[in-house]
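> Sharing a structure, written as structure tokens. Questions coming.
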Amino acid sequence: MATIVEKSSEGIFYRAAKTYPVPDVDLLTLLFGTYIQYTETSPKPDTIIHLSADDPNLYLTVSRARTLTEATSFALRRHFGIGDNGPGQDIVSVISSGHYLLPVLCYGIIGVGGVFSAASAASTAGELSKQIQGADSKILCCVDGIREVAVKAAEEAGWGRNGAGRVLVMGENEWTLKVVQADGTLGPSLIDESRRLPWERITNPKTLENSLVVLIYSSGTTGLPKGVKLSHRNLVAEAVIPGDMFKSWISTTNRNFQYRTLAHLPVAHIAGIQGYLINPFYMGGATYWMPRFDWPNFLAYNKKFQITFFFTVPPIYLQIAKSAEVTDQFKTLKVAISGAAPLGKDLQHAASAKLGGPDCFISQTWGLSETTGSATVMPFEMTDDTGSVSPLIPNMLARIVDDDGKDVEPGKPGEALVKGPVVCKGYYKNDAANAEAFTGEWFHTGDIAVFRNGLFYIVDRKKELIKYKGLQVAPAELEALLINHPHILDAAVIGVEIDDGTNEVPRAYVVADQKKISAQHIMDYVKANVAGHKQLRGGVVFLDAIPKSLAGKILRKDLRVLSKREKGAKL
């Protein structure tokens, strides 16, 4: 089911040959199965959907998850008024490591009419404080291991001592929500399973389209992190379209397939939200939750739980390909997908050889937070090793345009524009970003693509965005931090390649008096203020002036040329 090309007086459009009906239902109605007839792959009330990888005796069935979801919704409404003023108004921020009970909180927030907004578990208090202020969050939920960071962030956001009753701690082995008290201790659990609030069933197409249920922060190509608004329609479409493709493949080719995946990527990213909280549930499959990524446990859990499906990022596939520790841990794997960064052909073959036999070949997907995840996906009956990111998913349209916004001929590179049911509803309280990213319903992805033989190829990365181990680093965020230092007069950050061939790391170019501040001091300063993946692993270079255009924009291409010269000088 390759992508087809349509030419008209209006332009050149790409679309899948087939479409799938997207039901007019809200997310929870879709997941808990109250609108559909059960199929072989649909979850039943006693289906186990979420488990602790550390202790699989801790698990949630569909019926148990529903009870706790409705009890959570009741508690959030009663104690914090979430949803009192209508749906989509109250942001509930969540900072958590991997946890099998985390889905209950997500479903409960959405069920009461709130907005689920996850923050990276690696966030510093300063980063988290900025996010909850930008979102105007009503409350902040965390796991106990991150309580200190959460409380400090709440205090920095001006909430008051210990968060003034707005910081909640989730239970570890049983579902509880406890408020951090003024003295720092935890109060009694707010969850009372005898008091439940069912979610509102929504079937109105416009209401579904214009709703706000998830707010995910994306760095974008420039500027500071932006809040991406996702609707019921977005999340349902991203579950149903690839999910029904998958169900069709199972029913015709792999009737004995059982969906089991391992949650090992951050839930603050769209891969975690859609890939762990939503899509496996829709497929009636089990998600085993790792508290944090750990290589030995990652191998052990894949083997122990006979994982059959996973999406992961190129650095992990690189480790799979090169590690002598990988033997038979992935022999049960049937579907392997790579995303978040390009996967070279050699690595694609080398890693695939370590997986579940000749029928399990890694495919690539491409998408963004703004497309609720995958905008392309490989049909399960197809394989490709030419470096493509697969065909466009059904129900979507794409264009490839030049710098003037004119469509280029197939086979020519240009910026990829997309529109369709998975494209987000814009950026939260950011009219300038919306004006830059959208032309009508068309979303400008910022990625340079080529269309060949029914497949898409991403031929250039976003120029400003740095990707390190599948995580995004916005140069503007680091630049703002650097310039805030009293001894740094000006700064620019670019990504520089490292020897593994799959990652970039941030390098800072600064204007400063080296008698007052050293490169090591600058790296330590950044390390103390941002998450680990944003650190200046590419080093610090001192310049007399940052190259800029007449309009005052940083000329990053000049810095890239300089970095190549520096690399050549070291050879």
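Ligands are numbered from 1 in the order shown, residues from 1 within each chain, and chains are lettered A, B, ... in the order they appear in the structure tokens.
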Name all residues at most 12 Å from range 434-436 of chain A (count only C-alpha atoms; drop same-chain ones fewer than 3 positions away) and give them as a list in words.

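Final neighbour list, sorted by chain and number: Gly220, Thr221, Thr222, Gly223, Lys226, Gly227, Val228, Lys229, Glu370, Cys424, Lys425, Gly426, Tyr427, Tyr428, Lys429, Asn430, Asp431, Thr439, Gly440, Glu441, Trp442, Phe443, His444, Thr445 and Gly446 of chain A.
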
> Any chance you could tabulate, as JSON lines, the residues of range 319-426 of chain A at most 12 Å from range 5-9 of chain A with each one's nearest atom pair and distance in Å to one decimal, using only C-alpha atoms, in chain and rising number order?


```
{"residue": "A:Pro391", "atom": "CA", "partner": "A:Val5", "partner_atom": "CA", "distance": 11.5}
{"residue": "A:Leu392", "atom": "CA", "partner": "A:Val5", "partner_atom": "CA", "distance": 11.1}
{"residue": "A:Leu397", "atom": "CA", "partner": "A:Val5", "partner_atom": "CA", "distance": 10.0}
{"residue": "A:Ala398", "atom": "CA", "partner": "A:Val5", "partner_atom": "CA", "distance": 9.6}
{"residue": "A:Arg399", "atom": "CA", "partner": "A:Val5", "partner_atom": "CA", "distance": 9.7}
{"residue": "A:Ile400", "atom": "CA", "partner": "A:Val5", "partner_atom": "CA", "distance": 11.3}
{"residue": "A:Lys406", "atom": "CA", "partner": "A:Ser9", "partner_atom": "CA", "distance": 12.0}
{"residue": "A:Asp407", "atom": "CA", "partner": "A:Lys7", "partner_atom": "CA", "distance": 10.0}
{"residue": "A:Val408", "atom": "CA", "partner": "A:Lys7", "partner_atom": "CA", "distance": 11.1}
{"residue": "A:Glu409", "atom": "CA", "partner": "A:Lys7", "partner_atom": "CA", "distance": 9.7}
{"residue": "A:Pro410", "atom": "CA", "partner": "A:Val5", "partner_atom": "CA", "distance": 8.3}
{"residue": "A:Gly411", "atom": "CA", "partner": "A:Val5", "partner_atom": "CA", "distance": 11.5}
```

> Keeping N, CA and C atoms for every residue in the selection just given, could you write it to a file as a PDB file, in the first residue's frame?


```pdb
ATOM      1  N   PRO A 391       5.748   4.661   3.541  1.00  0.00           N
ATOM      2  CA  PRO A 391       4.711   5.455   2.889  1.00  0.00           C
ATOM      3  C   PRO A 391       3.935   6.300   3.901  1.00  0.00           C
ATOM      4  N   LEU A 392       3.217   7.265   3.378  1.00  0.00           N
ATOM      5  CA  LEU A 392       2.333   8.087   4.199  1.00  0.00           C
ATOM      6  C   LEU A 392       1.230   7.213   4.794  1.00  0.00           C
ATOM      7  N   LEU A 397      -2.671  13.648   3.877  1.00  0.00           N
ATOM      8  CA  LEU A 397      -2.174  14.264   2.655  1.00  0.00           C
ATOM      9  C   LEU A 397      -0.825  14.913   2.939  1.00  0.00           C
ATOM     10  N   ALA A 398       0.049  14.917   1.939  1.00  0.00           N
ATOM     11  CA  ALA A 398       1.346  15.566   2.078  1.00  0.00           C
ATOM     12  C   ALA A 398       1.669  16.341   0.810  1.00  0.00           C
ATOM     13  N   ARG A 399       2.496  17.345   0.959  1.00  0.00           N
ATOM     14  CA  ARG A 399       3.075  18.088  -0.157  1.00  0.00           C
ATOM     15  C   ARG A 399       4.566  18.235   0.121  1.00  0.00           C
ATOM     16  N   ILE A 400       5.335  18.443  -0.940  1.00  0.00           N
ATOM     17  CA  ILE A 400       6.754  18.751  -0.804  1.00  0.00           C
ATOM     18  C   ILE A 400       6.994  20.035  -1.571  1.00  0.00           C
ATOM     19  N   LYS A 406       6.185  26.539  -3.341  1.00  0.00           N
ATOM     20  CA  LYS A 406       5.675  25.911  -4.559  1.00  0.00           C
ATOM     21  C   LYS A 406       6.025  24.430  -4.572  1.00  0.00           C
ATOM     22  N   ASP A 407       5.081  23.615  -5.046  1.00  0.00           N
ATOM     23  CA  ASP A 407       5.301  22.170  -5.067  1.00  0.00           C
ATOM     24  C   ASP A 407       6.448  21.811  -6.015  1.00  0.00           C
ATOM     25  N   VAL A 408       7.327  20.934  -5.536  1.00  0.00           N
ATOM     26  CA  VAL A 408       8.405  20.434  -6.384  1.00  0.00           C
ATOM     27  C   VAL A 408       7.959  19.131  -7.048  1.00  0.00           C
ATOM     28  N   GLU A 409       8.593  18.774  -8.121  1.00  0.00           N
ATOM     29  CA  GLU A 409       8.260  17.534  -8.809  1.00  0.00           C
ATOM     30  C   GLU A 409       8.705  16.337  -7.974  1.00  0.00           C
ATOM     31  N   PRO A 410       7.968  15.210  -8.062  1.00  0.00           N
ATOM     32  CA  PRO A 410       8.395  13.993  -7.363  1.00  0.00           C
ATOM     33  C   PRO A 410       9.857  13.663  -7.684  1.00  0.00           C
ATOM     34  N   GLY A 411      10.597  13.293  -6.654  1.00  0.00           N
ATOM     35  CA  GLY A 411      12.017  13.018  -6.812  1.00  0.00           C
ATOM     36  C   GLY A 411      12.908  14.183  -6.468  1.00  0.00           C
TER      37      GLY A 411
END
```

> Just asking: which residues within range 154-320 of chain A are strand (DSSP E or B) according to DSSP, as a ChimeraX atom specification?

/A:167-170,177-180,186-189,214-218,226-230,260-263,286-289,309-312

> Excluding Leu478 in chain A and any residue of its chain fewer than 5 positions from it, enumerate the residues within 8 Å of it, using only C-alpha atoms, and give them as a VMD selection string.

chain A and resid 493 526 534

> Using C-alpha atoms, can you write the selected residues to a file as a PDB file, in the first residue's frame?


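And here's part_3.pdb as it stands now:
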```pdb
ATOM      1  CA  VAL A 493      24.810  26.450  20.033  1.00  0.00           C
ATOM      2  CA  VAL A 526      24.948  24.183  31.887  1.00  0.00           C
ATOM      3  CA  LYS A 534      21.211  18.768  26.851  1.00  0.00           C
TER       4      LYS A 534
END
```

> In Å to one decimal, how far is CA of Tyr59 in chain A from CA of Tyr100 in chain A?

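Interatomic distance here is 7.0 Å.
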
> Within 7 Å of Ile91 in chain A, counting only C-alpha atoms, which residues qualify if same-chain residues fewer than 2 places away don't, as a ChimeraX atom specification?

/A:89,93,114-117,135-138

> In Å, rounded to a single decimal, give me how far CA of Val143 in chain A is from CA of Ser97 in chain A.

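A separation of 7.2 Å between them.
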
> Out of A:Asn297, A:Ser563, A:Asn453, A:Thr371, which residue has the shortest atom-to-atom distance to Gly495 in chain A when counting only C-alpha atoms?

A:Ser563

> Enter the distance from CA of Pro379 in chain A to CA of Ala340 in chain A, in Å, rounded to one decimal.

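Between CA of Pro379 in chain A and CA of Ala340 in chain A the gap works out to 18.6 Å.
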
> Nearest to Val313 in chain A among A:Leu471, A:Val377, A:Ala150, A:Leu235, with distances taken over only C-alpha atoms: which residue is it?

A:Leu471

> Closest to Leu368 in chain A among A:Ile82, A:Cys106, A:Ile270, A:Ala416, using only C-alpha atoms?

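Counting only C-alpha atoms, the residue closest to Leu368 in chain A is A:Ile270.
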
> I need the residue nearest His533 in chain A from this list: A:Leu559, A:Val505, A:Cys141, A:Val104. Use only C-alpha atoms for the distance.

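Under the stated criterion, the closest residue is A:Val505.
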
> Run DSSP on the backbone of this structure and report the residues of range 218-403 of chain A it assigns to alpha helix (DSSP H), as a ChimeraX atom specification.

/A:232-253,270-272,279-282,295-304,314-322,345-352

> Can you pull out the residues contacting Ile250 in chain A? Cut-off 12 Å, using only C-alpha atoms, and skip same-chain residues under 5 positions away; I want them as a list in words.

Thr39, Glu40, Thr41, Gly243, Asp244, Met245, Arg255, Asn256, Phe257, Gln258, Tyr259, Met283, Lys334, Val335, Pro379, Phe380 and Glu381 of chain A
